[in-house]
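What follows is a single structure, written as structure tokens, with notes after it.
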Amino acid sequence: MTHVEDELTSQPACWTRAAADAGSWRRVLPAPGERVAVVGCGTSFFMAQAIAGLREGAGQGETDAFAASEFPYARAYDRVVALTRSGTTTEVLGLLARVRGRIRTTAVTAGPDTPVTAAADDTVVLDYADERSVVQTRFATTALTLLRAHLGLHRHAVVADAHTALTTPLPDGLADRTQFAFLGRGWTVGLAHEAALKLREAAQCWTEAYPAMEYRHGPISVTTGTTATWMLGEAPPGLARQVRETGALWIGGTLDPLAELVRAQRLAVAVAAARGLDPDRPRHLTRSVILDA
């Protein structure tokens, strides 16, 4: 079993612990009414998008998500939440240094003794969700679960759905497709982007991700009989029919969207295996991106 396979199968246990621990981190996580920016790089940026959608959708306050390299320093925020598995990502550390003393910062990380713990005002350490693999799975979804529970939006059914996602076979022929499109709505747009990233990283696939309503505004034109289009969350009326009319395989997500992401992670491993690739050794990638000064 590869590291990424081992780590993705441990997600239900990680989510259960994160949800149970959410109350103990309440003091350092965004309070209702705070104006918040959630930042990260790569997978963490997509989790930031999901968190921002959930928080603002829950009426907890204005919440934006940014790639750490694109943070708008002229804007005023009450708190920045930085997601970084390694705690060493150059762009995240640079952002925290620039806003120090002006904006309260909270880092959510897997490493208790990494540079980010000194760079942020407050730190949430999810060391039990740390990973050996380059490709992120459980740390990202556990961080999202923590924030979801903090917002009062975590349900026990999410964990049950994750077990279902891990034990139910993937649709026949899915791993043989040559193009994958993931769709989301609201907070699940970030999950769609993350699902697409897993296929790119682990299996070198042609993958795309869009807000579901935007798929009809152009991207559907390259959809063919070799495409799989996967909806994370509830699909807009009529979209499934229009996709099927192209000859593509339509996958309507029936589980909690976070559990659907677990299924996409499994797909990435399956496609990698079918192509003779090692998902633990993605091409041109490292576990942490550290840039030259």
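Every chain in the structure tokens takes a letter, A first, then B, and so on in the order presented; its residues are numbered from 1, and the ligands are numbered from 1 following the presented order.
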
Please report, as a PyMOL selection string, each residue of stretch 34-271 of chain A to which DSSP assigns strand (DSSP E or B) when run on this structure's backbone. chain A and resi 36-40+63-67+79-84+104-109+122-125+179-184+206-211+227-232+249-252

Residue contacts of A:Tyr128 (10 Å, only C-alpha atoms) excluding same-chain residues fewer than 6 positions away, as a compact mmCIF listing (two decimals) with N, CA, C and O atoms, in the first residue's frame:
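Generated file (around19.txt):
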# COMPACT_ATOMS: atom_id res chain seq x y z
N ALA A 13 -11.33 8.46 10.95
CA ALA A 13 -10.85 8.59 12.32
C ALA A 13 -10.32 9.99 12.59
O ALA A 13 -10.56 10.57 13.66
N CYS A 14 -9.62 10.56 11.62
CA CYS A 14 -9.10 11.93 11.78
C CYS A 14 -10.23 12.93 11.91
O CYS A 14 -10.17 13.86 12.73
N ARG A 17 -11.86 12.82 15.36
CA ARG A 17 -11.04 13.49 16.39
C ARG A 17 -11.10 15.01 16.22
O ARG A 17 -11.23 15.74 17.22
N ALA A 18 -11.01 15.49 14.99
CA ALA A 18 -11.04 16.94 14.77
C ALA A 18 -12.36 17.54 15.24
O ALA A 18 -12.38 18.61 15.88
N ALA A 110 0.37 20.82 10.59
CA ALA A 110 0.58 19.47 11.11
C ALA A 110 1.83 19.37 11.97
O ALA A 110 2.00 18.40 12.70
N GLY A 111 2.72 20.36 11.87
CA GLY A 111 4.00 20.28 12.56
C GLY A 111 4.06 21.19 13.78
O GLY A 111 3.94 22.41 13.65
N ARG A 138 -5.43 13.53 4.00
CA ARG A 138 -6.09 13.62 5.30
C ARG A 138 -5.84 14.92 6.04
O ARG A 138 -6.70 15.38 6.79
N PHE A 139 -4.65 15.54 5.87
CA PHE A 139 -4.45 16.79 6.60
C PHE A 139 -5.44 17.85 6.11
O PHE A 139 -6.07 18.55 6.91
N THR A 142 -9.00 17.07 7.22
CA THR A 142 -9.15 17.19 8.67
C THR A 142 -9.19 18.66 9.10
O THR A 142 -9.97 19.04 9.98

Close residues, stretch 65-80 of chain A itself excluded, 6 Å, only C-alpha atoms, min 4 positions apart in chain, as a VMD selection string: chain A and resid 34 to 41 45 48 to 49 52 91 to 92 103 to 105

Save out the residues we just selected, all heavy atoms, as a short mmCIF file (atom, residue, chain, number, x, y, z; two decimals), in the first residue's frame.
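The result, written out as selection12.cif:
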data_model
loop_
_atom_site.label_atom_id
_atom_site.label_comp_id
_atom_site.auth_asym_id
_atom_site.auth_seq_id
_atom_site.Cartn_x
_atom_site.Cartn_y
_atom_site.Cartn_z
N GLU A 34 -16.36 38.35 12.93
CA GLU A 34 -15.04 38.76 12.48
C GLU A 34 -14.97 38.75 10.96
O GLU A 34 -15.57 37.90 10.30
CB GLU A 34 -13.95 37.84 13.03
CG GLU A 34 -13.62 38.03 14.48
CD GLU A 34 -12.43 37.20 14.93
OE1 GLU A 34 -12.14 36.16 14.30
OE2 GLU A 34 -11.79 37.59 15.92
N ARG A 35 -14.23 39.70 10.40
CA ARG A 35 -13.95 39.69 8.97
C ARG A 35 -12.65 38.90 8.78
O ARG A 35 -11.60 39.26 9.31
CB ARG A 35 -13.79 41.11 8.43
CG ARG A 35 -13.70 41.19 6.91
CD ARG A 35 -13.88 42.61 6.42
NE ARG A 35 -14.00 42.64 4.96
CZ ARG A 35 -13.04 43.06 4.13
NH1 ARG A 35 -11.90 43.50 4.63
NH2 ARG A 35 -13.23 43.04 2.83
N VAL A 36 -12.74 37.81 8.02
CA VAL A 36 -11.68 36.81 8.01
C VAL A 36 -11.19 36.55 6.59
O VAL A 36 -11.97 36.53 5.64
CB VAL A 36 -12.19 35.49 8.63
CG1 VAL A 36 -11.15 34.38 8.50
CG2 VAL A 36 -12.56 35.70 10.10
N ALA A 37 -9.89 36.34 6.46
CA ALA A 37 -9.29 35.83 5.23
C ALA A 37 -8.66 34.48 5.55
O ALA A 37 -7.94 34.35 6.54
CB ALA A 37 -8.24 36.78 4.69
N VAL A 38 -8.94 33.49 4.72
CA VAL A 38 -8.34 32.17 4.86
C VAL A 38 -7.39 31.99 3.68
O VAL A 38 -7.76 32.21 2.53
CB VAL A 38 -9.41 31.06 4.85
CG1 VAL A 38 -8.79 29.73 5.28
CG2 VAL A 38 -10.57 31.40 5.77
N VAL A 39 -6.14 31.60 3.97
CA VAL A 39 -5.12 31.54 2.93
C VAL A 39 -4.41 30.19 2.96
O VAL A 39 -4.37 29.50 3.97
CB VAL A 39 -4.09 32.68 3.10
CG1 VAL A 39 -4.77 34.05 3.06
CG2 VAL A 39 -3.29 32.52 4.40
N GLY A 40 -3.83 29.86 1.82
CA GLY A 40 -3.04 28.64 1.71
C GLY A 40 -2.46 28.55 0.32
O GLY A 40 -2.65 29.45 -0.51
N CYS A 41 -1.77 27.46 0.05
CA CYS A 41 -1.17 27.23 -1.26
C CYS A 41 -1.57 25.84 -1.73
O CYS A 41 -1.61 24.90 -0.93
CB CYS A 41 0.35 27.33 -1.20
SG CYS A 41 0.97 28.93 -0.63
N PHE A 45 -5.12 26.08 -0.42
CA PHE A 45 -5.90 27.17 -1.00
C PHE A 45 -7.31 26.70 -1.33
O PHE A 45 -8.30 27.40 -1.07
CB PHE A 45 -5.21 27.70 -2.25
CG PHE A 45 -6.03 28.68 -3.06
CD1 PHE A 45 -6.74 29.71 -2.46
CD2 PHE A 45 -6.09 28.56 -4.44
CE1 PHE A 45 -7.50 30.60 -3.21
CE2 PHE A 45 -6.83 29.45 -5.20
CZ PHE A 45 -7.54 30.46 -4.58
N ALA A 48 -9.21 26.46 1.75
CA ALA A 48 -9.55 27.82 2.16
C ALA A 48 -10.83 28.29 1.46
O ALA A 48 -11.69 28.93 2.07
CB ALA A 48 -8.39 28.77 1.87
N GLN A 49 -10.96 27.98 0.17
CA GLN A 49 -12.16 28.35 -0.56
C GLN A 49 -13.39 27.68 0.05
O GLN A 49 -14.45 28.32 0.20
CB GLN A 49 -12.03 27.95 -2.03
CG GLN A 49 -11.02 28.77 -2.81
CD GLN A 49 -10.91 28.31 -4.26
OE1 GLN A 49 -10.98 27.13 -4.55
NE2 GLN A 49 -10.73 29.26 -5.16
N ALA A 52 -14.18 29.31 3.47
CA ALA A 52 -14.78 30.64 3.29
C ALA A 52 -16.24 30.52 2.89
O ALA A 52 -17.11 31.25 3.39
CB ALA A 52 -13.99 31.43 2.25
N GLU A 91 5.46 31.24 0.83
CA GLU A 91 4.46 32.31 0.65
C GLU A 91 3.66 32.54 1.93
O GLU A 91 3.32 33.68 2.27
CB GLU A 91 3.51 31.98 -0.50
CG GLU A 91 4.19 31.78 -1.84
CD GLU A 91 4.40 30.31 -2.14
OE1 GLU A 91 5.09 29.63 -1.37
OE2 GLU A 91 3.84 29.85 -3.16
N VAL A 92 3.35 31.47 2.64
CA VAL A 92 2.58 31.61 3.88
C VAL A 92 3.40 32.33 4.95
O VAL A 92 2.92 33.25 5.63
CB VAL A 92 2.11 30.23 4.39
CG1 VAL A 92 1.48 30.35 5.78
CG2 VAL A 92 1.11 29.62 3.42
N ILE A 103 -2.81 42.39 11.89
CA ILE A 103 -3.95 41.49 11.79
C ILE A 103 -3.65 40.26 12.64
O ILE A 103 -2.55 39.70 12.57
CB ILE A 103 -4.20 41.04 10.32
CG1 ILE A 103 -4.39 42.24 9.40
CG2 ILE A 103 -5.41 40.11 10.26
CD1 ILE A 103 -4.48 41.86 7.93
N ARG A 104 -4.61 39.84 13.45
CA ARG A 104 -4.44 38.63 14.24
C ARG A 104 -4.36 37.43 13.31
O ARG A 104 -5.11 37.34 12.34
CB ARG A 104 -5.61 38.46 15.20
CG ARG A 104 -5.42 37.36 16.25
CD ARG A 104 -4.52 37.85 17.36
NE ARG A 104 -4.20 36.78 18.31
CZ ARG A 104 -3.36 36.94 19.32
NH1 ARG A 104 -2.75 38.11 19.49
NH2 ARG A 104 -3.10 35.95 20.15
N THR A 105 -3.45 36.50 13.57
CA THR A 105 -3.26 35.36 12.67
C THR A 105 -3.34 34.04 13.42
O THR A 105 -2.87 33.92 14.56
CB THR A 105 -1.90 35.44 11.95
OG1 THR A 105 -0.85 35.47 12.91
CG2 THR A 105 -1.83 36.67 11.06
#

Surrounding residues of A:Ile251 excluding itself and chain neighbours under 3 positions, 7 Å, only C-alpha atoms, as a list in words: Thr229, Trp230 and Met231 of chain A

Leaving out A:Ser24 and any residue of its chain fewer than 3 positions from it, which residues lie within 12 Å of it when counting only C-alpha atoms, given as a VMD selection string? chain A and resid 17 to 21 27 to 29 124 to 125 146 149 to 150

At a cut-off of 8 Å, can you tabulate as a Markdown table every residue of stretch 120-219 of chain A near stretch 1-12 of chain A together with its closest atom pair and the distance in Å to one decimal, using only C-alpha atoms and ordering rows by chain then number?
| residue | atom | partner | partner_atom | distance |
| --- | --- | --- | --- | --- |
| A:Glu131 | CA | A:Glu7 | CA | 6.8 |
| A:Arg132 | CA | A:His3 | CA | 6.4 |
| A:Ser133 | CA | A:His3 | CA | 5.6 |
| A:Val135 | CA | A:Val4 | CA | 6.8 |
| A:Gln136 | CA | A:Val4 | CA | 7.7 |
| A:Thr137 | CA | A:Leu8 | CA | 5.6 |
| A:Arg138 | CA | A:Gln11 | CA | 5.4 |
| A:Thr141 | CA | A:Gln11 | CA | 7.6 |
| A:Thr142 | CA | A:Gln11 | CA | 7.3 |
| A:Val159 | CA | A:Pro12 | CA | 5.3 |
| A:Ala160 | CA | A:Pro12 | CA | 7.8 |
| A:Ala162 | CA | A:Pro12 | CA | 6.1 |
| A:His163 | CA | A:Pro12 | CA | 6.7 |
| A:Leu166 | CA | A:Thr9 | CA | 6.7 |

For those residues, write C-alpha atoms to a file as a PDB file, in the first residue's frame.
ATOM      1  CA  GLU A 131       1.347  12.765   6.181  1.00  0.00           C
ATOM      2  CA  ARG A 132       4.401  11.148   4.643  1.00  0.00           C
ATOM      3  CA  SER A 133       3.073  11.547   1.116  1.00  0.00           C
ATOM      4  CA  VAL A 135       0.013  14.390  -2.236  1.00  0.00           C
ATOM      5  CA  GLN A 136      -2.225  15.792   0.498  1.00  0.00           C
ATOM      6  CA  THR A 137      -5.348  13.955   1.594  1.00  0.00           C
ATOM      7  CA  ARG A 138      -6.094  13.616   5.300  1.00  0.00           C
ATOM      8  CA  THR A 141      -9.809  17.311   4.924  1.00  0.00           C
ATOM      9  CA  THR A 142      -9.146  17.191   8.671  1.00  0.00           C
ATOM     10  CA  VAL A 159     -18.013  10.159   8.851  1.00  0.00           C
ATOM     11  CA  ALA A 160     -20.436   7.389   7.907  1.00  0.00           C
ATOM     12  CA  ALA A 162     -16.602   8.606   4.351  1.00  0.00           C
ATOM     13  CA  HIS A 163     -16.648   4.927   5.329  1.00  0.00           C
ATOM     14  CA  LEU A 166     -13.837   3.978   1.146  1.00  0.00           C
TER      15      LEU A 166
END

Looking at only C-alpha atoms, which of A:Ala120, A:Leu191, A:Thr88, A:Arg244 is the one that sits closest to A:Arg102?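 Of the candidates, the smallest distance to A:Arg102 is held by A:Ala120.
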
Quick one: DSSP helix (DSSP H, G or I) residues in stretch 49-288 of chain A, as a ChimeraX atom specification? /A:49-57,68-70,90-99,115-119,127-129,138-150,156-167,174-176,188-203,212-215,219-222,239-245,257-274

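Among the candidates A:Leu249, A:Phe180, A:Gln204, A:Thr123, the one nearest to A:Pro219 when counting only C-alpha atoms is A:Phe180.
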
Atomic separation - atom CA of A:Leu144 relative to atom CA of A:Ala50, Å: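 So the answer is 7.7 Å.
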